[in-house]
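The file protein.csv comes next; it holds CSV, C-alpha atoms and all ligand atoms.
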chain,number,residue,atom,x,y,z
A,3,MET,CA,86.9,72.9,-159.1
A,4,GLN,CA,84.8,70.5,-161.1
A,5,TYR,CA,82.6,68.2,-159.0
A,6,SER,CA,80.4,65.5,-160.5
A,7,GLN,CA,76.6,65.8,-160.1
A,8,LYS,CA,76.7,62.9,-157.7
A,9,VAL,CA,79.2,64.6,-155.4
A,10,LEU,CA,77.1,67.7,-155.4
A,11,ASP,CA,73.9,65.7,-154.6
A,12,HIS,CA,75.5,63.8,-151.7
A,13,PHE,CA,77.1,67.1,-150.5
A,14,MET,CA,73.8,69.0,-150.6
A,15,LYS,CA,71.7,66.2,-149.1
A,16,PRO,CA,74.0,63.8,-147.4
A,17,HIS,CA,72.6,60.5,-146.3
A,18,ASN,CA,73.1,58.9,-142.8
A,19,VAL,CA,74.2,62.1,-141.1
A,20,GLY,CA,74.2,62.2,-137.3
A,21,LYS,CA,75.3,60.3,-134.2
A,22,ILE,CA,74.2,56.9,-132.9
A,23,GLU,CA,73.7,56.8,-129.1
A,24,ASN,CA,75.6,53.8,-127.5
A,25,PRO,CA,77.2,52.7,-130.8
A,26,ASP,CA,78.9,49.3,-131.0
A,27,ALA,CA,81.9,51.1,-132.4
A,28,GLU,CA,82.9,54.6,-133.3
A,29,ALA,CA,86.0,56.3,-134.7
A,30,THR,CA,87.0,59.8,-135.2
A,31,GLU,CA,89.9,60.7,-137.5
A,32,GLY,CA,91.5,63.9,-138.5
A,33,SER,CA,93.4,64.7,-141.7
A,34,PRO,CA,96.9,65.9,-141.3
A,35,ALA,CA,96.5,67.4,-144.8
A,36,CYS,CA,93.8,69.9,-143.9
A,37,GLY,CA,93.0,69.5,-140.2
A,38,ASP,CA,89.4,68.4,-140.9
A,39,GLN,CA,87.7,65.6,-139.0
A,40,ILE,CA,85.1,62.9,-139.5
A,41,SER,CA,83.3,60.6,-137.0
A,42,ILE,CA,81.6,57.3,-137.9
A,43,PHE,CA,79.2,55.4,-135.6
A,44,LEU,CA,78.2,51.8,-136.1
A,45,LYS,CA,75.4,49.5,-134.8
A,46,ILE,CA,76.3,45.9,-135.6
A,47,ASP,CA,74.3,42.7,-135.1
A,48,PRO,CA,76.5,40.5,-132.9
A,49,GLU,CA,75.1,37.3,-134.3
A,50,THR,CA,75.6,38.1,-138.0
A,51,ASN,CA,78.1,40.9,-137.8
A,52,ILE,CA,75.8,42.8,-140.2
A,53,ILE,CA,75.9,46.6,-140.0
A,54,ASP,CA,72.4,47.5,-139.0
A,55,ASP,CA,73.0,51.2,-138.7
A,56,ILE,CA,75.7,53.6,-139.6
A,57,LYS,CA,75.9,57.4,-139.2
A,58,PHE,CA,78.6,60.0,-139.7
A,59,GLN,CA,79.4,63.5,-138.7
A,60,SER,CA,81.8,65.5,-140.9
A,61,TYR,CA,83.7,68.7,-140.2
A,62,GLY,CA,85.3,68.5,-143.6
A,63,CYS,CA,84.8,69.7,-147.1
A,64,ALA,CA,82.3,68.8,-149.9
A,65,SER,CA,84.3,65.8,-150.9
A,66,ASN,CA,84.6,64.5,-147.4
A,67,ILE,CA,80.8,64.9,-146.8
A,68,ALA,CA,79.9,63.3,-150.1
A,69,THR,CA,82.3,60.3,-149.4
A,70,GLY,CA,80.9,59.9,-145.8
A,71,SER,CA,77.4,59.8,-147.4
A,72,ILE,CA,78.2,57.3,-150.1
A,73,ILE,CA,80.3,54.9,-147.9
A,74,THR,CA,77.6,54.8,-145.3
A,75,ASP,CA,75.1,53.9,-148.0
A,76,MET,CA,77.5,51.3,-149.3
A,77,ALA,CA,78.1,49.8,-145.8
A,78,ILE,CA,74.6,49.6,-144.4
A,79,GLY,CA,73.1,46.1,-144.4
A,80,LYS,CA,76.5,44.6,-145.3
A,81,SER,CA,78.6,42.3,-143.1
A,82,ILE,CA,81.7,43.9,-141.6
A,83,GLU,CA,83.8,41.6,-143.9
A,84,GLU,CA,82.1,43.2,-147.0
A,85,ALA,CA,82.3,46.7,-145.6
A,86,LYS,CA,86.0,46.3,-145.1
A,87,LYS,CA,86.4,45.9,-148.8
A,88,ILE,CA,85.2,49.5,-149.4
A,89,THR,CA,88.2,51.5,-150.6
A,90,TRP,CA,88.6,55.2,-151.2
A,91,GLU,CA,88.9,54.3,-154.9
A,92,SER,CA,85.6,52.5,-155.0
A,93,ALA,CA,84.0,55.4,-153.0
A,94,ALA,CA,85.3,57.9,-155.5
A,95,ASP,CA,84.1,55.7,-158.4
A,96,ALA,CA,80.6,55.5,-156.8
A,97,LEU,CA,80.6,59.3,-156.8
A,98,ASP,CA,81.6,59.5,-160.5
A,99,GLY,CA,85.0,60.7,-159.5
A,100,LEU,CA,86.6,63.3,-157.3
A,101,PRO,CA,89.2,65.9,-158.2
A,102,ALA,CA,92.8,64.6,-157.7
A,103,VAL,CA,93.5,67.3,-155.0
A,104,LYS,CA,90.4,66.1,-153.1
A,105,MET,CA,91.2,62.4,-153.0
A,106,HIS,CA,92.7,62.7,-149.5
A,107,CYS,CA,89.2,63.8,-148.2
A,108,SER,CA,87.9,60.4,-149.4
A,109,VAL,CA,90.8,58.6,-147.9
A,110,LEU,CA,90.0,60.2,-144.5
A,111,ALA,CA,86.4,59.0,-144.6
A,112,VAL,CA,87.1,55.4,-145.6
A,113,ASP,CA,90.0,55.1,-143.2
A,114,THR,CA,87.7,56.2,-140.4
A,115,LEU,CA,85.1,53.5,-141.3
A,116,LYS,CA,87.9,50.9,-141.3
A,117,LYS,CA,89.1,52.1,-137.9
A,118,ALA,CA,85.6,51.8,-136.4
A,119,ILE,CA,85.2,48.3,-137.8
A,120,LYS,CA,88.7,47.4,-136.5
A,121,LYS,CA,87.7,48.6,-133.0
A,122,TYR,CA,84.6,46.4,-133.1
A,123,GLU,CA,86.6,43.4,-134.2
A,124,ILE,CA,89.1,43.9,-131.4
A,125,LYS,CA,86.4,44.4,-128.8
A,126,HIS,CA,84.7,41.1,-130.0
A,127,GLY,CA,87.8,39.1,-130.3
A,128,LEU,CA,87.6,39.0,-134.1
A,129,ALA,CA,91.0,40.6,-134.6
A,130,GLU,CA,94.0,41.4,-132.6
A,131,GLU,CA,95.7,44.7,-132.0
A,132,GLU,CA,98.5,44.9,-134.5
A,133,SER,CA,101.9,45.5,-133.1
A,134,PHE,CA,103.8,48.5,-134.5
A,135,SER,CA,106.3,47.7,-137.3
A,136,LYS,CA,107.7,49.0,-140.5
A,137,LYS,CA,104.5,47.6,-142.2
A,138,THR,CA,102.5,50.0,-140.1
A,139,ILE,CA,104.5,52.9,-141.5
A,140,VAL,CA,104.1,51.7,-145.1
A,141,GLU,CA,100.3,51.3,-144.5
A,142,GLU,CA,100.2,54.9,-143.1
A,143,LEU,CA,102.2,56.2,-146.2
A,144,ARG,CA,99.5,54.6,-148.4
A,145,LYS,CA,97.1,57.2,-146.9
A,146,ILE,CA,99.1,60.1,-148.3
A,147,ILE,CA,97.8,61.2,-151.7
A,148,TYR,CA,100.0,62.9,-154.2
A,149,PRO,CA,97.6,65.8,-155.1
A,150,GLY,CA,98.9,66.1,-158.7
A,151,VAL,CA,97.6,62.6,-159.6
A,152,GLY,CA,95.1,61.6,-156.9
A,153,GLU,CA,97.0,58.4,-156.1
A,154,ASP,CA,98.9,57.4,-153.0
A,155,ILE,CA,102.7,57.9,-152.8
A,156,VAL,CA,103.4,54.2,-152.3
A,157,THR,CA,101.4,53.1,-155.3
A,158,LEU,CA,103.1,55.8,-157.3
A,159,LYS,CA,106.4,54.3,-156.2
A,160,MET,CA,107.6,57.7,-154.8
A,161,VAL,CA,108.7,56.0,-151.6
A,162,LYS,CA,112.1,54.5,-152.2
A,163,TYR,CA,113.0,53.5,-148.6
A,164,VAL,CA,111.3,53.0,-145.3
A,165,GLY,CA,113.4,52.4,-142.1
A,166,PHE,CA,112.5,52.2,-138.5
A,167,GLU,CA,115.0,51.8,-135.7
A,168,ASN,CA,115.2,53.0,-132.1
A,169,GLY,CA,112.1,55.1,-132.6
A,170,VAL,CA,113.4,56.9,-135.7
A,171,ALA,CA,111.4,56.5,-138.9
A,172,THR,CA,113.5,57.2,-142.0
A,173,ILE,CA,111.6,57.7,-145.3
A,174,ASP,CA,113.3,58.4,-148.6
A,175,VAL,CA,110.9,59.8,-151.2
A,176,GLU,CA,111.5,60.7,-154.8
A,177,ILE,CA,109.9,64.0,-155.9
A,178,PRO,CA,111.4,66.3,-158.6
A,179,LYS,CA,112.8,69.6,-157.2
A,180,PHE,CA,110.5,71.7,-159.3
A,181,ASP,CA,107.3,69.8,-158.2
A,182,LYS,CA,104.9,72.2,-156.6
A,183,TYR,CA,103.6,69.6,-154.2
A,184,ARG,CA,107.1,68.6,-152.9
A,185,ASP,CA,106.9,70.4,-149.5
A,186,ASN,CA,103.3,69.4,-149.2
A,187,VAL,CA,104.1,65.7,-149.4
A,188,VAL,CA,107.1,65.9,-147.0
A,189,GLU,CA,105.0,67.8,-144.5
A,190,GLU,CA,102.2,65.2,-144.7
A,191,ILE,CA,104.6,62.3,-144.2
A,192,GLU,CA,106.0,64.1,-141.1
A,193,GLU,CA,102.5,64.8,-139.7
A,194,HIS,CA,101.1,61.3,-140.4
A,195,LEU,CA,104.1,59.6,-138.7
A,196,GLU,CA,104.5,61.9,-135.8
A,197,ALA,CA,101.0,60.9,-134.7
A,198,PHE,CA,102.4,57.5,-133.7
A,199,ASP,CA,103.6,57.2,-130.0
A,200,GLU,CA,106.1,54.6,-131.2
A,201,ILE,CA,107.8,57.2,-133.5
A,202,LYS,CA,110.1,59.7,-131.7
A,203,GLU,CA,111.6,61.2,-134.8
A,204,VAL,CA,110.8,61.3,-138.5
A,205,LYS,CA,113.5,61.8,-141.0
A,206,VAL,CA,112.4,62.4,-144.6
A,207,THR,CA,115.0,62.6,-147.3
A,208,ILE,CA,114.1,63.7,-150.8
B,1,LIG,FE1,89.7,68.7,-145.5
B,1,LIG,FE2,88.5,67.8,-147.6
B,1,LIG,S1,89.9,69.5,-147.4
B,1,LIG,S2,88.4,66.9,-145.7

Starting from the file, give its structure as C-alpha cells.
Ligand code: FES
Amino acid sequence: MQYSQKVLDHFMKPHNVGKIENPDAEATEGSPACGDQISIFLKIDPETNIIDDIKFQSYGCASNIATGSIITDMAIGKSIEEAKKITWESAADALDGLPAVKMHCSVLAVDTLKKAIKKYEIKHGLAEEESFSKKTIVEELRKIIYPGVGEDIVTLKMVKYVGFENGVATIDVEIPKFDKYRDNVVEEIEEHLEAFDEIKEVKVTI
C-alpha cells in the first residue's frame, strides 16, 4: 500500500498522543469496518471556547494514527466552531492523501473529534441533543466509505432509499452484483445502524 511521506512521518512520530486528566470533553469511537478504536480528549477555555489542549490515543492502523496526529495539530488553538469544520477530506488532504481503502480510518478519527466537541457543547448548553430521525440514519451512512473509491456511499449516490418506521431501518443500496466490496458495504451498513438503540432491525436491500 502506497502511503505519502506525510502519513509516514505522522505515523512514525505522531503529535499530541496521550490522555488529558480531567478533560472538558472526551469521546471514544470504534470502527465497525475494522474494530479499531480511537479516543480524543479536549481542554477548552470556557470564556473563548478555544481548544487549549487536545490529545488522542489510537488503537488503529497507520492511517488512523496519522489522521489523529494531523487533526489534533489542526484543532489546537482553534475555536470549537473552527475545529468543527475539519473534515476527513481536509485531514486526508493535509496528509497528502490516503489510500482509498484507508479513508474509513480517517473518518473514524474526525468523527471522534466531532463527537467530543458535541459533548462539550451539550454540557455547556451550546447545542441540544438531537432527537433520532431518518436524518440521523443518513448522517451515519455518510460515514461509510466505499473502499473502491474512498468516498462515502451517500455522496456516491449508492443509497437509493432510507426508511425508518417502528424501529425498522430500511436501506436500499445500489451496488453491482460483481462488485468485490458489495458484501463489505452491506455488512458495514448493518453494523453502523445496529449500534443505535432506536433501531431494532436493519433491512438492507441491494
Ligand atoms: Fe482500523 Fe484503519 S484499519 S483504523

Practice prompt. Go ahead and find all residues with at least one atom no further than 7 Å from (81.8, 60.8, -138.8) in the file's coordinates, using only C-alpha atoms; report them as a ChimeraX atom specification.
Written response: /A:30,40-43,57-60

Just-selected residues, C-alpha atoms written as a short mmCIF file (atom, residue, chain, number, x, y, z; two decimals), keeping the file's coordinate frame:
data_model
loop_
_atom_site.label_atom_id
_atom_site.label_comp_id
_atom_site.auth_asym_id
_atom_site.auth_seq_id
_atom_site.Cartn_x
_atom_site.Cartn_y
_atom_site.Cartn_z
CA THR A 30 87.00 59.80 -135.20
CA ILE A 40 85.10 62.90 -139.50
CA SER A 41 83.30 60.60 -137.00
CA ILE A 42 81.60 57.30 -137.90
CA PHE A 43 79.20 55.40 -135.60
CA LYS A 57 75.90 57.40 -139.20
CA PHE A 58 78.60 60.00 -139.70
CA GLN A 59 79.40 63.50 -138.70
CA SER A 60 81.80 65.50 -140.90
#

Considering only C-alpha atoms, state which residue in the set A:Lys21, A:Lys87, A:His12, A:Lys136 is at the smallest distance from Ile56 in chain A.
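Nearest candidate to Ile56 in chain A out of A:Lys21, A:Lys87, A:His12, A:Lys136: A:Lys21.
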
- Message: If the limit is 8 Å from any atom of ligand LIG 1 (chain B), counting all atoms listed in the file, which residues qualify? Return them as a PyMOL selection string.
- Response: chain A and resi 33+35-39+61-67+104+106-108+110

Separating CA of Asp75 in chain A from CA of His17 in chain A, to the nearest tenth of an Å, is a gap of 7.3 Å

With distances taken over all atoms listed in the file, the candidate from A:Lys8, A:Lys162, A:Lys121, A:Lys145 nearest Gly99 in chain A is A:Lys8

Have a look at A:Met105, A:Glu153, A:Glu132, A:Ile146 and name the one nearest to Glu189 in chain A; count only C-alpha atoms.
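The closest residue to Glu189 in chain A is A:Ile146.
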
Practice item. Step by step: start from the point (99.1, 54.8, -153.7) in the file's coordinates, keep every protein, DNA or RNA residue that has an atom no farther than 12 Å from it, count only C-alpha atoms, and write the set as a PyMOL selection string. Key: chain A and resi 89-91+105-106+109+140-149+151-161

Output C-alpha atoms for every residue in the selection just made, as a PDB file, in the coordinates of the input.
ATOM      1  CA  THR A  89      88.200  51.500-150.600  1.00  0.00           C
ATOM      2  CA  TRP A  90      88.600  55.200-151.200  1.00  0.00           C
ATOM      3  CA  GLU A  91      88.900  54.300-154.900  1.00  0.00           C
ATOM      4  CA  MET A 105      91.200  62.400-153.000  1.00  0.00           C
ATOM      5  CA  HIS A 106      92.700  62.700-149.500  1.00  0.00           C
ATOM      6  CA  VAL A 109      90.800  58.600-147.900  1.00  0.00           C
ATOM      7  CA  VAL A 140     104.100  51.700-145.100  1.00  0.00           C
ATOM      8  CA  GLU A 141     100.300  51.300-144.500  1.00  0.00           C
ATOM      9  CA  GLU A 142     100.200  54.900-143.100  1.00  0.00           C
ATOM     10  CA  LEU A 143     102.200  56.200-146.200  1.00  0.00           C
ATOM     11  CA  ARG A 144      99.500  54.600-148.400  1.00  0.00           C
ATOM     12  CA  LYS A 145      97.100  57.200-146.900  1.00  0.00           C
ATOM     13  CA  ILE A 146      99.100  60.100-148.300  1.00  0.00           C
ATOM     14  CA  ILE A 147      97.800  61.200-151.700  1.00  0.00           C
ATOM     15  CA  TYR A 148     100.000  62.900-154.200  1.00  0.00           C
ATOM     16  CA  PRO A 149      97.600  65.800-155.100  1.00  0.00           C
ATOM     17  CA  VAL A 151      97.600  62.600-159.600  1.00  0.00           C
ATOM     18  CA  GLY A 152      95.100  61.600-156.900  1.00  0.00           C
ATOM     19  CA  GLU A 153      97.000  58.400-156.100  1.00  0.00           C
ATOM     20  CA  ASP A 154      98.900  57.400-153.000  1.00  0.00           C
ATOM     21  CA  ILE A 155     102.700  57.900-152.800  1.00  0.00           C
ATOM     22  CA  VAL A 156     103.400  54.200-152.300  1.00  0.00           C
ATOM     23  CA  THR A 157     101.400  53.100-155.300  1.00  0.00           C
ATOM     24  CA  LEU A 158     103.100  55.800-157.300  1.00  0.00           C
ATOM     25  CA  LYS A 159     106.400  54.300-156.200  1.00  0.00           C
ATOM     26  CA  MET A 160     107.600  57.700-154.800  1.00  0.00           C
ATOM     27  CA  VAL A 161     108.700  56.000-151.600  1.00  0.00           C
TER      28      VAL A 161
END

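With distances restricted to all atoms listed in the file, A:Asp98 is the closest residue to Gln4 in chain A from A:Glu31, A:Asp98, A:Glu23, A:Asp174.
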
Mind pulling up the distance from CA of Ile52 in chain A to CA of Glu84 in chain A?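 Between CA of Glu84 in chain A and CA of Ile52 in chain A the gap works out to 9.3 Å.
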
Quote the spacing between CA of Val170 in chain A and CA of Val204 in chain A in Å to one decimal place.
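So the answer is 5.8 Å.
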
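Using all atoms listed in the file, the residues found no farther than 9 Å from Lys116 in chain A, other than those of its own chain fewer than 4 positions away, are Ala29, Ala85, Lys86, Ile88, Ala111, Val112, Lys120 and Lys121 of chain A.
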